[in-house]
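Here's the structure we're looking at; comments come further down.
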Amino acid sequence: MKKMIFVILTILTITLFTSCSPSRTTVKKEQSQSKSAVTGVLESADKTSSVRYAAIDSLGREVILNEKPASIIIAGKATLIAADALSLFQDYRSSISAIGITNQGLGDFFSYLLPEIPATERLPHTVSAEEIAGLQPDLVIIKDRNYNSLGITLENIGFTVFSVYLEEADDYLREIHELGKLLDQENRADEINQAYATRLSHIRDNVSNLNTTQKEDVLLLYTTISDGITSFQVPPESWIQTYLVKEAGANPAWAGIVGSENWQKVSFEQISQWDPDRIYIISYKIPSNVFFEEIRFSPLWQELTAFKNNQIKSFPADYHNWAQPDTRWILGLQWLAWDLHQEIFSTTDMEQEIVDFYNEFYDINEIAIIYDILTRYRKSLITIE
């Protein structure tokens with residue numbers, strides 16, 4: 001039960017809860033030592049009720065609800081990652097009362113999933129805890145990077161907060177399972193995880209016998225333009241982008257880079273030293289063809305092995321690029337394994353895999369929507385020739 005007095009208190013004391021933010025590891029350690037404030041509030045409010053909605057979030061905190069949440073808000077930075085995960089549970093889409101910005105720049109998938117909440121009514125990434133509290137949600141789902149700026153304050157005024165990380169493949173299915181537990185949707189969580197596991201096993205079974213010479217050196221480059229200057233970045237070894245390359249049966253050319261805890265900028269000199277067999281250009285905010293014109297006519301790029309062998313390509317996308325810890329990472333893995341080893345995956349029909357994914361994961365089978373998704377996918381595929 002949310003009390004309006006708590007909302008008033010947060011407006012008066014909001015600055016008390018916005019002090020320096022500890023790291024994710026520190027927050028997790030602190031929170032694992034005691035239950036969250038909201039857990040204590042709910043337990044003391046109704047100790048006799050049978051708990052149906054309980055789970056452990058990404059910070060190791062036990063989160064408990066005594067009834068089905070009728071109003072869910074997904075907010076803060078990286079809303080897309082959490083929103084897409086929640087939307088795998090179709091029964092709860094109608095419970096989403098407010099949501100943050102989900103368009104990274106390539107389109108808005110939620111125009112289909114949540115047409116009743118148009119893009120003009122999305123919460124900004126900078127939404128405050130007091131603004132969220134004013135909407136009186138039963139549950140707030142955030143990426144755990146937002147816990148210090150939003151979660152702590154919301155919990156201290158009596159709102160239920162569930163954090164997700166969803167950045168590393170090893171924990172991805174476990175987090176989906178916990179989200180299902182919180183929503184009393186464990187059967188659906190099992191279906192989702194089985195769908196991931198089946199696709200992943202198919203790839204692993206087919207690349208497990210590759211020898212060293214069959215595993216090419218692959219470079220994923222997150223590419224951006226700022227003030228007219230193009231820059232390139234590589235991901236940390238623990239991130240899902242690196243995982244995709246390894247699981248697809250290839251060697252990440254940037255493996256072992258020192259001090260990488262986030263995207264790390266690399267110079268063309270470094271790219272030239274790696275001189276990988278294949279290069280995949282990742283773009284999240286703008287179509288990747290913008291970068292290919294520069295690459296195609298560059299004498300420097302023309303000296304790379306990947307350029308000479310026509311193996312500089314864009315990483316595919318539809319509404320969002322598949323090389324990120326969004327639900328579509330499994331499509332990115334399937335495509336990469338197919339592109340790297342077409343002799344092994346000769347029977348794979350990627351467009352059918354896309355159709356099956358949206359049907360099985362999001363219950364989308366309308367012809368117009370599927371056609372739009374496939375069209376976006378086809379347009380995203382670019383190769384230097």
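By convention in this document, the chains of the structure tokens carry letters A, B, ... by their order, each chain's residues are numbered from 1, and ligands are numbered from 1 in the order they are shown.
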Any chance you could tabulate, as a Markdown table, the residues of range 135-202 of chain A at most 8 Å from range 67-87 of chain A with each one's nearest atom pair and distance in Å to one decimal, using only C-alpha atoms, in chain and rising number order?
| residue | atom | partner | partner_atom | distance |
| --- | --- | --- | --- | --- |
| A:Gln136 | CA | A:Ser71 | CA | 8.0 |
| A:Pro137 | CA | A:Ser71 | CA | 5.0 |
| A:Asp138 | CA | A:Ser71 | CA | 5.2 |
| A:Leu139 | CA | A:Ile72 | CA | 4.9 |
| A:Val140 | CA | A:Ile73 | CA | 4.8 |
| A:Ile141 | CA | A:Ile74 | CA | 4.9 |
| A:Ile142 | CA | A:Ala75 | CA | 5.7 |
| A:Lys143 | CA | A:Ala82 | CA | 6.4 |
| A:Arg145 | CA | A:Lys77 | CA | 7.9 |
| A:Asn146 | CA | A:Gly76 | CA | 6.1 |
| A:Leu150 | CA | A:Gly76 | CA | 7.8 |
| A:Val164 | CA | A:Ala82 | CA | 6.8 |
| A:Leu166 | CA | A:Ile81 | CA | 7.3 |
| A:Ile176 | CA | A:Ala85 | CA | 7.3 |
| A:Leu179 | CA | A:Leu86 | CA | 7.7 |
| A:Leu183 | CA | A:Lys68 | CA | 7.0 |
**Message:** From a backbone DSSP assignment, name each residue in range 108-326 of chain A labelled strand (DSSP E), as an MDAnalysis selection string.
**Reply:** chainID A and resid 139:143 161:164 217:226 229:234 251:252 264:266 278:282 312:314
Take the selection from the previous step and output its residues with C-alpha atoms, as a PDB file, in the first residue's frame.
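Contents of selection-v3.pdb, as written:
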ATOM      1  CA  LEU A 139       6.012  -2.084  -9.134  1.00  0.00           C
ATOM      2  CA  VAL A 140       8.956  -0.191 -10.620  1.00  0.00           C
ATOM      3  CA  ILE A 141      11.436  -2.097 -12.780  1.00  0.00           C
ATOM      4  CA  ILE A 142      14.806  -0.480 -13.463  1.00  0.00           C
ATOM      5  CA  LYS A 143      18.233  -1.377 -14.724  1.00  0.00           C
ATOM      6  CA  VAL A 161      11.562  -1.747  -6.905  1.00  0.00           C
ATOM      7  CA  PHE A 162      12.991  -4.666  -8.860  1.00  0.00           C
ATOM      8  CA  SER A 163      16.358  -4.200 -10.540  1.00  0.00           C
ATOM      9  CA  VAL A 164      17.737  -6.103 -13.528  1.00  0.00           C
ATOM     10  CA  ASP A 217      39.686 -13.711 -35.846  1.00  0.00           C
ATOM     11  CA  VAL A 218      36.649 -11.460 -35.645  1.00  0.00           C
ATOM     12  CA  LEU A 219      36.443  -7.810 -34.632  1.00  0.00           C
ATOM     13  CA  LEU A 220      33.221  -6.168 -33.496  1.00  0.00           C
ATOM     14  CA  LEU A 221      33.418  -2.385 -33.707  1.00  0.00           C
ATOM     15  CA  TYR A 222      30.845  -0.129 -32.071  1.00  0.00           C
ATOM     16  CA  THR A 223      30.981   2.877 -34.378  1.00  0.00           C
ATOM     17  CA  THR A 224      29.827   6.426 -33.641  1.00  0.00           C
ATOM     18  CA  ILE A 225      30.179   9.937 -35.047  1.00  0.00           C
ATOM     19  CA  SER A 226      30.736  12.949 -32.817  1.00  0.00           C
ATOM     20  CA  ILE A 229      34.727  12.444 -36.250  1.00  0.00           C
ATOM     21  CA  THR A 230      34.179   8.687 -36.477  1.00  0.00           C
ATOM     22  CA  SER A 231      35.323   6.631 -33.513  1.00  0.00           C
ATOM     23  CA  PHE A 232      35.495   2.893 -32.894  1.00  0.00           C
ATOM     24  CA  GLN A 233      35.082   0.991 -29.647  1.00  0.00           C
ATOM     25  CA  VAL A 234      35.357  -2.618 -28.488  1.00  0.00           C
ATOM     26  CA  ASN A 251      38.115 -15.597 -31.794  1.00  0.00           C
ATOM     27  CA  PRO A 252      37.489 -12.043 -30.509  1.00  0.00           C
ATOM     28  CA  GLN A 264      36.922   1.136 -25.010  1.00  0.00           C
ATOM     29  CA  LYS A 265      37.982   3.377 -27.859  1.00  0.00           C
ATOM     30  CA  VAL A 266      40.552   1.984 -30.259  1.00  0.00           C
ATOM     31  CA  ARG A 278      36.332 -10.317 -40.419  1.00  0.00           C
ATOM     32  CA  ILE A 279      35.030  -7.005 -39.111  1.00  0.00           C
ATOM     33  CA  TYR A 280      31.440  -6.302 -38.105  1.00  0.00           C
ATOM     34  CA  ILE A 281      30.288  -2.721 -37.690  1.00  0.00           C
ATOM     35  CA  ILE A 282      27.790  -2.106 -34.877  1.00  0.00           C
ATOM     36  CA  ILE A 312      33.600  -5.997 -43.517  1.00  0.00           C
ATOM     37  CA  LYS A 313      29.902  -6.136 -42.766  1.00  0.00           C
ATOM     38  CA  SER A 314      27.249  -4.489 -40.651  1.00  0.00           C
TER      39      SER A 314
END
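Across A:Ala317, A:Ile157, A:Ala306, A:Val63, the tightest approach to Gly134 in chain A is made by A:Ile157 when counting only C-alpha atoms.
In terms of minimum interatomic distance to Ile373 in chain A, A:Glu351 ranks closest within A:Glu175, A:Glu261, A:Glu351, A:Glu385, counting only C-alpha atoms.
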**Message:** Write out as an MDAnalysis selection string the set of residues from range 16-203 of chain A that DSSP, computed on the backbone, places in alpha helix (DSSP H).
**Reply:** chainID A and resid 24:32 37:45 79:86 110:113 129:134 152:156 169:182 186:203
**Request:** Pick out the closest residue to Gly60 in chain A from this set: A:Asp144, A:Asp108, A:Leu300, A:Phe292. Count only C-alpha atoms.
**Result:** A:Asp144
**Prompt:** If we count only C-alpha atoms, what is near Trp329 in chain A at a cut-off of 10 Å, once residues fewer than 4 positions away on the same chain are taken out, given as a list in words?
**Reply:** Ala169, Tyr196, Ile240, Gln241, Tyr243, Leu244, Asn321, Trp322, Ala323, Gln324, Pro325, Leu333, Gln334 and Trp335 of chain A
Atoms kept (C-alpha atoms) for selection, written as a CSV table (one decimal), in the first residue's frame:
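Output (part_8.csv):
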chain,number,residue,atom,x,y,z
A,169,ALA,CA,24.8,-14.1,-21.1
A,196,TYR,CA,16.9,-19.6,-25.7
A,240,ILE,CA,27.5,-10.2,-24.3
A,241,GLN,CA,29.1,-8.9,-27.5
A,243,TYR,CA,30.2,-13.8,-25.8
A,244,LEU,CA,28.4,-13.8,-29.2
A,321,ASN,CA,20.9,-3.7,-33.3
A,322,TRP,CA,21.2,-7.3,-32.3
A,323,ALA,CA,24.7,-6.9,-30.8
A,324,GLN,CA,23.5,-5.9,-27.3
A,325,PRO,CA,22.0,-7.5,-24.2
A,333,LEU,CA,24.2,-15.2,-32.2
A,334,GLN,CA,22.3,-17.2,-34.7
A,335,TRP,CA,23.1,-14.8,-37.5
**Message:** Please list as a VMD selection string every residue within 12 Å of Arg296 in chain A, counting only C-alpha atoms and excluding residues in the same chain fewer than 3 positions away.
**Reply:** chain A and resid 289 to 293 299 to 304 306 to 308 310 to 313 382 to 385
**Asked** Looking at A:Asp277, A:Phe357, A:Pro236, A:Asn66, which one is nearest to Thr198 in chain A, with distances taken over only C-alpha atoms?
**Response** A:Phe357
**Message:** With distances taken over only C-alpha atoms, which residue among A:Gly107, A:Glu168, A:Asp91, A:Leu114 lies nearest Asp326 in chain A?
**Reply:**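 Going through A:Gly107, A:Glu168, A:Asp91, A:Leu114 one by one, the smallest distance to Asp326 in chain A is for A:Glu168.
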**Complete:** From the list A:Ile271, A:Leu173, A:Ala119, A:Ile370, the nearest residue to Ala197 in chain A using only C-alpha atoms is A:Leu173
**Distance in Å - CA of Ser238 in chain A versus CA of Gly180 in chain A** =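 According to the coordinates, CA of Ser238 in chain A and CA of Gly180 in chain A are separated by 24.8 Å.
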**Message:** Give me the residues near Pro287 in chain A as a VMD selection string, where near means some atom within 9 Å (using only C-alpha atoms) and where sequence neighbours in that chain fewer than 5 positions away do not count.
**Reply:** chain A and resid 105 to 106 379 to 380
Residues of the last selection are to be written out with C-alpha atoms, as a PDB file, in the first residue's frame.
ATOM      1  CA  GLY A 105      17.486   5.750 -32.917  1.00  0.00           C
ATOM      2  CA  LEU A 106      16.540   2.987 -35.363  1.00  0.00           C
ATOM      3  CA  LYS A 379      18.072  -2.980 -45.052  1.00  0.00           C
ATOM      4  CA  SER A 380      20.500  -3.314 -42.156  1.00  0.00           C
TER       5      SER A 380
END
**Prompt:** Got a sec: who's within 8 Å of Ile203 in chain A, counting only C-alpha atoms, leaving out chain neighbours fewer than 5 positions off, as a PyMOL selection string?
**Reply:** chain A and resi 247-248+334+337
